[in-house]
Amino acid sequence: MTSVWPAPTTISGYGFASKACVPVVAPETVQELEAVLACAKREGTSIGLRGAGRSYGDAALNSRGIVLDLRRLNRIRAANWDTGVLQVEPGVTIEQLWREGLPHGYWPAVVPGTMFPTIGGCAAMNVHGKNNFKAGTVGDHISEFELLTATGERLLCSRTQNADIFRGAIGGFGMLGAFTSLTLHMKSVPTGDLMVTPLPTTSIGAMTALLEQRAAESDYMVGWVDMLGSGAGLVHLARYCTSEESDPDASLRAAHQDLPGRLFGLVPKSWMWPGLWCALNKPGMHAVNRMKLWSGARHARAGAQRNSLVGFSFLLDYVPNWRKAYLPGGFLQYQSFVPRAAAAAVFEEQRRLARRAGVQPFLGVMKRHRPDEFLLTHALDGFSLALDFPLSARRSLKLRQLATELNACVLDAGGRFYPAKDSLMDASVMARYVPKDSMERFLALKQRLDPQRRFCTDFSGRTIEALLER
Ligand SMILES: Cc1cc2nc3c(=O)[nH]c(=O)nc-3n(C[C@H](O)[C@H](O)[C@H](O)COP(=O)(O)OP(=O)(O)OC[C@H]3O[C@@H](n4cnc5c(N)ncnc54)[C@H](O)[C@@H]3O)c2cc1C
């Protein structure tokens with residue numbers, strides 16, 4: 001029998017470790033999206049929604065049905081440059097937002113560490129940036145959206161209309177329906193530059209203390225931790241430049257923001273990931289980390305430096321295809337969020353457990369967070385530590401065992417996890433970290449809006465679908 005869907009293609013999570021070979025359909029208009037949904041209902045096919053596929057694990061994969069790639073729904077429908085309020089389709093990217101906004105003095109209020117995700121994917125994960133402690137998550141800057149539900153209804157949702165769906169769908173990883181348009185509030189910025197101060201730290205505890213002390217005077221904060229060594233690291237604090245410190249006319253131009261095509265003006269950036277690939281082993285990363293600590297200390301002595309908003313925000317985009325350096329096994333990111341008082345002890349214990357297990361992460365990144373109103377949010381009053389673990393057949397099993405131990409420390413401390421970065425959690429972990437009342441409200445919304453479970457992904461299969469069975 002012939003299928004109504006296109007031939008399957010293989011797609012993966014950003015870390016390469018999760019894959020699915022499925023039909024991928026890419027509608028260009030909301031009407032086409034509605035037609036695909038109607039067809040899926042007739043055929044009894046499940047739908048996994050996908051933006052730019054920048055989630056590290058399996059949150060934008062659906063091995064059991066089809067995947068809807070929403071990147072072609074990428075029109076900015078309305079923009080008011082007096083207020084910075086935009087109505088956009090879900091496939092509009094963070095890059096589109098800053099390119100449109102900056103010449104008018106507006107920057108996306110919350111950005112992840114890369115400019116390529118779509119706003120639909122960011123809202124579905126409720127992403128945070130290096131300013132989470134101050135600006136909240138992306139959902140805090142969305143005032144309204146339209147959601148296409150499994151029954152074919154188009155619901156307008158805001159804090160006053162369908163407010164329960166508003167709080168469930170933001171951070172609801174595509175389980176309640178597809179965003180078809182979103183109203184966003186951009187941030188007015190005086191210039192296109194930040195003043196960035198690097199500060200070395202001697203331990204994980206020293207880093208949490210520093211981030212705590214310097215939050216009031218900073219707009220952005222991020223810390224890199226040497227997880228292979230003693231836990232020493234480097235914090236970057238940043239604040240918006242005043243118009244005396246940077247020329248607004250020049251710095252708000254895209255040409256000022258564009259990332260350089262060559263490293264040190266010489267090496268093409270496309271050559272960088274193979275170089276990184278050679279260093280991605282324990283001795284290589286030890287050496288890289290020691291160099292980073294040494295150059296960090298040097299920069300710290302030089303004091304604050306100006307950097308463009310794009311240069312500071314999207315550091316990883318400097319190296320195109322950097323993830324290929326983790327091939328052939330790929331990598332897994334593990335990010336845990338821990339309440340303020342317990343964070344340093346939990347992260348220190350994670351470092352100890354990883355060292356004992358012999359599966360140490362090559363990268364550790366710390367951020368400060370604040371809570372928000374969304375039902376399944378990962379955000380809390382505390383800190384997160386994101387760890388990148390290289391994968392191989394030998395390491396996978398060890399890592400799975402290690403994750404159970406790392407999870408236990410986080411859950412015992414009242415911490416949380418983040419679906420965009422997850423590859424390993426199961427329903428029991430999710431049931432423990434999401435407050436009971438929030439989980440019950442979310443599951444009730446799922447039953448009401450999508451009783452046939454049309455919207456599902458590989459991530460939902462190992463988490464909330466099991467909870468719906470209970
Ligand atoms: C280099 C890098 C750095 C990152 N840094 C950060 C960071 O600092 N902070 C952070 O929070 N995250 C970060 N991330 C994670 C990333 O921001 C999120 O995974 C984000 O969701 C990716 O958006 P996307 O468009 O790629 O969505 P996808 O990954 O394709 O999808 C994400 C989720 O959204 C759902 N979805 C997609 N479109 C829609 C829609 N229209 N309606 C409803 N649901 C939809 C999908 O089903 C899926 O569950 C980073 C990722 C990378 C690769």
# chains A, B, ... in the order shown; residues from 1 in each chain; ligands from 1
$ select_by_dssp --residues "segment 23-133 of chain A" --states "alpha helix (DSSP H)" --output "ChimeraX atom specification"
/A:30-43,94-101,119-125,132-133
$ residues_near_ligand --ligand "ligand 1" --cutoff "6 Å" --atoms "only C-alpha atoms and all ligand atoms" --output "PyMOL selection string"
chain A and resi 14+48-55+59-60+90+112-114+117-118+120-122+124-125+127-129+173-174+177-179+316+420
$ residues_around --residues "Val429 of chain A" --least-positions-apart "6" --cutoff "12 Å" --atoms "only C-alpha atoms" --output "ChimeraX atom specification"
/A:403-412,414-419,422,435,462-464,466-467
$ write_last_selection --atoms "N, CA and C atoms" --output "mmCIF file, in the first residue's frame"
data_model
loop_
_atom_site.group_PDB
_atom_site.id
_atom_site.type_symbol
_atom_site.label_atom_id
_atom_site.label_comp_id
_atom_site.auth_asym_id
_atom_site.auth_seq_id
_atom_site.Cartn_x
_atom_site.Cartn_y
_atom_site.Cartn_z
ATOM 1 N N ALA A 403 24.159 9.132 35.068
ATOM 2 C CA ALA A 403 23.026 10.059 35.057
ATOM 3 C C ALA A 403 22.056 9.746 36.198
ATOM 4 N N THR A 404 21.887 8.472 36.511
ATOM 5 C CA THR A 404 20.996 8.099 37.614
ATOM 6 C C THR A 404 21.514 8.709 38.921
ATOM 7 N N GLU A 405 22.832 8.673 39.103
ATOM 8 C CA GLU A 405 23.419 9.235 40.337
ATOM 9 C C GLU A 405 23.324 10.767 40.338
ATOM 10 N N LEU A 406 23.615 11.366 39.164
ATOM 11 C CA LEU A 406 23.543 12.837 39.087
ATOM 12 C C LEU A 406 22.106 13.295 39.345
ATOM 13 N N ASN A 407 21.142 12.577 38.728
ATOM 14 C CA ASN A 407 19.733 12.927 38.917
ATOM 15 C C ASN A 407 19.351 12.893 40.390
ATOM 16 N N ALA A 408 19.831 11.855 41.090
ATOM 17 C CA ALA A 408 19.438 11.703 42.498
ATOM 18 C C ALA A 408 19.862 12.932 43.303
ATOM 19 N N CYS A 409 21.109 13.438 43.059
ATOM 20 C CA CYS A 409 21.570 14.628 43.811
ATOM 21 C C CYS A 409 20.638 15.809 43.521
ATOM 22 N N VAL A 410 20.265 15.955 42.248
ATOM 23 C CA VAL A 410 19.457 17.120 41.846
ATOM 24 C C VAL A 410 18.056 17.014 42.448
ATOM 25 N N LEU A 411 17.457 15.839 42.332
ATOM 26 C CA LEU A 411 16.080 15.668 42.816
ATOM 27 C C LEU A 411 16.021 15.815 44.338
ATOM 28 N N ASP A 412 17.016 15.274 45.044
ATOM 29 C CA ASP A 412 17.026 15.390 46.511
ATOM 30 C C ASP A 412 17.118 16.846 46.947
ATOM 31 N N GLY A 414 15.711 19.283 45.359
ATOM 32 C CA GLY A 414 14.553 20.042 44.857
ATOM 33 C C GLY A 414 14.828 20.682 43.505
ATOM 34 N N GLY A 415 15.739 20.086 42.728
ATOM 35 C CA GLY A 415 16.118 20.672 41.439
ATOM 36 C C GLY A 415 15.239 20.220 40.290
ATOM 37 N N ARG A 416 15.587 20.694 39.106
ATOM 38 C CA ARG A 416 14.783 20.436 37.908
ATOM 39 C C ARG A 416 15.654 20.107 36.704
ATOM 40 N N PHE A 417 14.984 19.706 35.620
ATOM 41 C CA PHE A 417 15.686 19.395 34.372
ATOM 42 C C PHE A 417 15.014 20.125 33.215
ATOM 43 N N TYR A 418 15.638 19.984 32.014
ATOM 44 C CA TYR A 418 15.222 20.802 30.882
ATOM 45 C C TYR A 418 15.084 19.917 29.642
ATOM 46 N N PRO A 419 13.865 19.718 29.130
ATOM 47 C CA PRO A 419 13.658 18.816 27.989
ATOM 48 C C PRO A 419 14.533 19.113 26.770
ATOM 49 N N ASP A 422 17.755 17.224 27.272
ATOM 50 C CA ASP A 422 17.707 15.897 27.880
ATOM 51 C C ASP A 422 17.737 14.766 26.863
ATOM 52 N N PRO A 435 6.276 20.175 39.973
ATOM 53 C CA PRO A 435 5.363 20.167 41.120
ATOM 54 C C PRO A 435 4.059 19.427 40.769
ATOM 55 N N ARG A 462 8.915 8.825 26.373
ATOM 56 C CA ARG A 462 9.560 8.266 27.573
ATOM 57 C C ARG A 462 9.256 9.097 28.820
ATOM 58 N N THR A 463 8.426 10.137 28.678
ATOM 59 C CA THR A 463 8.131 10.976 29.855
ATOM 60 C C THR A 463 6.614 11.105 30.068
ATOM 61 N N ILE A 464 5.983 12.144 29.493
ATOM 62 C CA ILE A 464 4.589 12.379 29.909
ATOM 63 C C ILE A 464 3.598 11.333 29.424
ATOM 64 N N ALA A 466 3.882 8.179 29.580
ATOM 65 C CA ALA A 466 3.787 7.178 30.648
ATOM 66 C C ALA A 466 2.969 7.746 31.820
ATOM 67 N N LEU A 467 3.082 9.056 32.055
ATOM 68 C CA LEU A 467 2.326 9.653 33.163
ATOM 69 C C LEU A 467 0.832 9.707 32.831
#
$ select_by_dssp --residues "segment 248-308 of chain A" --states "strand (DSSP E)" --output "list in words"
Arg262, Leu263, Val267, Pro268, Gln305, Arg306, Asn307 and Ser308 of chain A
$ residues_around --residues "Arg441 of chain A" --least-positions-apart "4" --cutoff "12 Å" --atoms "only C-alpha atoms" --output "PDB file with N, CA, C and O atoms, in the first residue's frame"
ATOM      1  N   ALA A 163      -5.915  31.206  29.676  1.00  0.00           N
ATOM      2  CA  ALA A 163      -4.667  31.420  30.426  1.00  0.00           C
ATOM      3  C   ALA A 163      -4.007  30.103  30.839  1.00  0.00           C
ATOM      4  O   ALA A 163      -2.773  30.013  30.904  1.00  0.00           O
ATOM      5  N   ASP A 164      -4.827  29.076  31.094  1.00  0.00           N
ATOM      6  CA  ASP A 164      -4.230  27.787  31.488  1.00  0.00           C
ATOM      7  C   ASP A 164      -3.445  27.177  30.317  1.00  0.00           C
ATOM      8  O   ASP A 164      -2.344  26.637  30.496  1.00  0.00           O
ATOM      9  N   ILE A 165      -3.995  27.340  29.098  1.00  0.00           N
ATOM     10  CA  ILE A 165      -3.278  26.796  27.923  1.00  0.00           C
ATOM     11  C   ILE A 165      -2.020  27.631  27.667  1.00  0.00           C
ATOM     12  O   ILE A 165      -0.962  27.098  27.321  1.00  0.00           O
ATOM     13  N   ARG A 167      -0.121  29.027  29.867  1.00  0.00           N
ATOM     14  CA  ARG A 167       0.942  28.612  30.810  1.00  0.00           C
ATOM     15  C   ARG A 167       1.395  27.167  30.574  1.00  0.00           C
ATOM     16  O   ARG A 167       2.475  26.780  30.999  1.00  0.00           O
ATOM     17  N   GLY A 168       0.559  26.387  29.884  1.00  0.00           N
ATOM     18  CA  GLY A 168       0.936  24.997  29.601  1.00  0.00           C
ATOM     19  C   GLY A 168       1.718  24.855  28.308  1.00  0.00           C
ATOM     20  O   GLY A 168       2.673  24.086  28.234  1.00  0.00           O
ATOM     21  N   ALA A 169       1.320  25.600  27.272  1.00  0.00           N
ATOM     22  CA  ALA A 169       1.959  25.405  25.958  1.00  0.00           C
ATOM     23  C   ALA A 169       3.353  26.012  25.923  1.00  0.00           C
ATOM     24  O   ALA A 169       4.243  25.498  25.230  1.00  0.00           O
ATOM     25  N   GLY A 172       5.750  23.590  27.049  1.00  0.00           N
ATOM     26  CA  GLY A 172       5.024  22.307  26.962  1.00  0.00           C
ATOM     27  C   GLY A 172       5.536  21.406  25.849  1.00  0.00           C
ATOM     28  O   GLY A 172       4.866  20.472  25.423  1.00  0.00           O
ATOM     29  N   PHE A 374       5.303  29.226  34.214  1.00  0.00           N
ATOM     30  CA  PHE A 374       4.881  28.200  33.262  1.00  0.00           C
ATOM     31  C   PHE A 374       4.883  26.805  33.905  1.00  0.00           C
ATOM     32  O   PHE A 374       5.747  26.507  34.737  1.00  0.00           O
ATOM     33  N   LEU A 375       3.874  25.990  33.501  1.00  0.00           N
ATOM     34  CA  LEU A 375       3.596  24.765  34.265  1.00  0.00           C
ATOM     35  C   LEU A 375       4.783  23.804  34.326  1.00  0.00           C
ATOM     36  O   LEU A 375       5.068  23.249  35.378  1.00  0.00           O
ATOM     37  N   LEU A 376       5.458  23.603  33.201  1.00  0.00           N
ATOM     38  CA  LEU A 376       6.545  22.598  33.190  1.00  0.00           C
ATOM     39  C   LEU A 376       7.922  23.247  33.194  1.00  0.00           C
ATOM     40  O   LEU A 376       8.908  22.621  32.789  1.00  0.00           O
ATOM     41  N   VAL A 434       8.635  18.070  38.462  1.00  0.00           N
ATOM     42  CA  VAL A 434       7.547  19.028  38.197  1.00  0.00           C
ATOM     43  C   VAL A 434       6.611  19.003  39.409  1.00  0.00           C
ATOM     44  O   VAL A 434       6.193  17.924  39.834  1.00  0.00           O
ATOM     45  N   PRO A 435       6.276  20.175  39.973  1.00  0.00           N
ATOM     46  CA  PRO A 435       5.363  20.167  41.120  1.00  0.00           C
ATOM     47  C   PRO A 435       4.059  19.427  40.769  1.00  0.00           C
ATOM     48  O   PRO A 435       3.573  19.530  39.634  1.00  0.00           O
ATOM     49  N   LYS A 436       3.508  18.695  41.759  1.00  0.00           N
ATOM     50  CA  LYS A 436       2.384  17.784  41.496  1.00  0.00           C
ATOM     51  C   LYS A 436       1.195  18.524  40.872  1.00  0.00           C
ATOM     52  O   LYS A 436       0.610  18.078  39.883  1.00  0.00           O
ATOM     53  N   ASP A 437       0.888  19.686  41.427  1.00  0.00           N
ATOM     54  CA  ASP A 437      -0.276  20.428  40.938  1.00  0.00           C
ATOM     55  C   ASP A 437      -0.063  20.855  39.476  1.00  0.00           C
ATOM     56  O   ASP A 437      -0.967  20.740  38.645  1.00  0.00           O
ATOM     57  N   LEU A 445      -4.808  19.247  30.593  1.00  0.00           N
ATOM     58  CA  LEU A 445      -4.853  20.010  29.330  1.00  0.00           C
ATOM     59  C   LEU A 445      -4.597  19.086  28.143  1.00  0.00           C
ATOM     60  O   LEU A 445      -5.261  19.175  27.109  1.00  0.00           O
ATOM     61  N   LYS A 446      -3.634  18.203  28.301  1.00  0.00           N
ATOM     62  CA  LYS A 446      -3.299  17.270  27.209  1.00  0.00           C
ATOM     63  C   LYS A 446      -4.518  16.377  26.910  1.00  0.00           C
ATOM     64  O   LYS A 446      -4.878  16.190  25.737  1.00  0.00           O
ATOM     65  N   GLN A 447      -5.155  15.872  27.951  1.00  0.00           N
ATOM     66  CA  GLN A 447      -6.344  15.002  27.737  1.00  0.00           C
ATOM     67  C   GLN A 447      -7.450  15.780  27.046  1.00  0.00           C
ATOM     68  O   GLN A 447      -8.151  15.252  26.181  1.00  0.00           O
ATOM     69  N   ARG A 448      -7.600  17.066  27.438  1.00  0.00           N
ATOM     70  CA  ARG A 448      -8.704  17.867  26.896  1.00  0.00           C
ATOM     71  C   ARG A 448      -8.445  18.259  25.437  1.00  0.00           C
ATOM     72  O   ARG A 448      -9.328  18.163  24.592  1.00  0.00           O
ATOM     73  N   LEU A 468       0.512   9.862  31.531  1.00  0.00           N
ATOM     74  CA  LEU A 468      -0.903   9.883  31.123  1.00  0.00           C
ATOM     75  C   LEU A 468      -1.544   8.502  31.334  1.00  0.00           C
ATOM     76  O   LEU A 468      -2.744   8.393  31.563  1.00  0.00           O
TER      77      LEU A 468
END
$ closest_residue --among "A:Asn131, A:Ser295, A:Ser230, A:Asn126" --to "Phe166 of chain A" --atoms "only C-alpha atoms"
A:Asn126
$ closest_residue --among "A:Met439, A:Ala379, A:Val189, A:Met221" --to "Val138 of chain A" --atoms "only C-alpha atoms"
A:Ala379
$ closest_residue --among "A:Gly358, A:Ser158, A:Leu424, A:Ala78" --to "Arg394 of chain A" --atoms "only C-alpha atoms"
A:Gly358
$ closest_residue --among "A:Ala345, A:Leu402, A:Thr208, A:Val235" --to "His299 of chain A" --atoms "only C-alpha atoms"
A:Val235
$ residues_around --residues "His236 of chain A" --least-positions-apart "2" --cutoff "8 Å" --atoms "only C-alpha atoms" --output "ChimeraX atom specification"
/A:196-199,221-223,234,238
$ closest_residue --among "A:Met186, A:Ala357, A:Leu37, A:Leu332" --to "Phe389 of chain A" --atoms "only C-alpha atoms"
A:Leu332
$ closest_residue --among "A:Thr151, A:Thr457, A:Ser188, A:Thr202" --to "Trp81 of chain A" --atoms "only C-alpha atoms"
A:Ser188
$ residues_around --residues "segment 62-71 of chain A" --least-positions-apart "6" --cutoff "10 Å" --atoms "only C-alpha atoms" --output "ChimeraX atom specification"
/A:5-6,8,10-11,19-30,33,36-37,40,44-53,89-93,117-121,178-180,454-461
$ atom_distance --atom1 "atom CA of Ala444 of chain A" --atom2 "atom CA of Ala427 of chain A"
16.3 Å
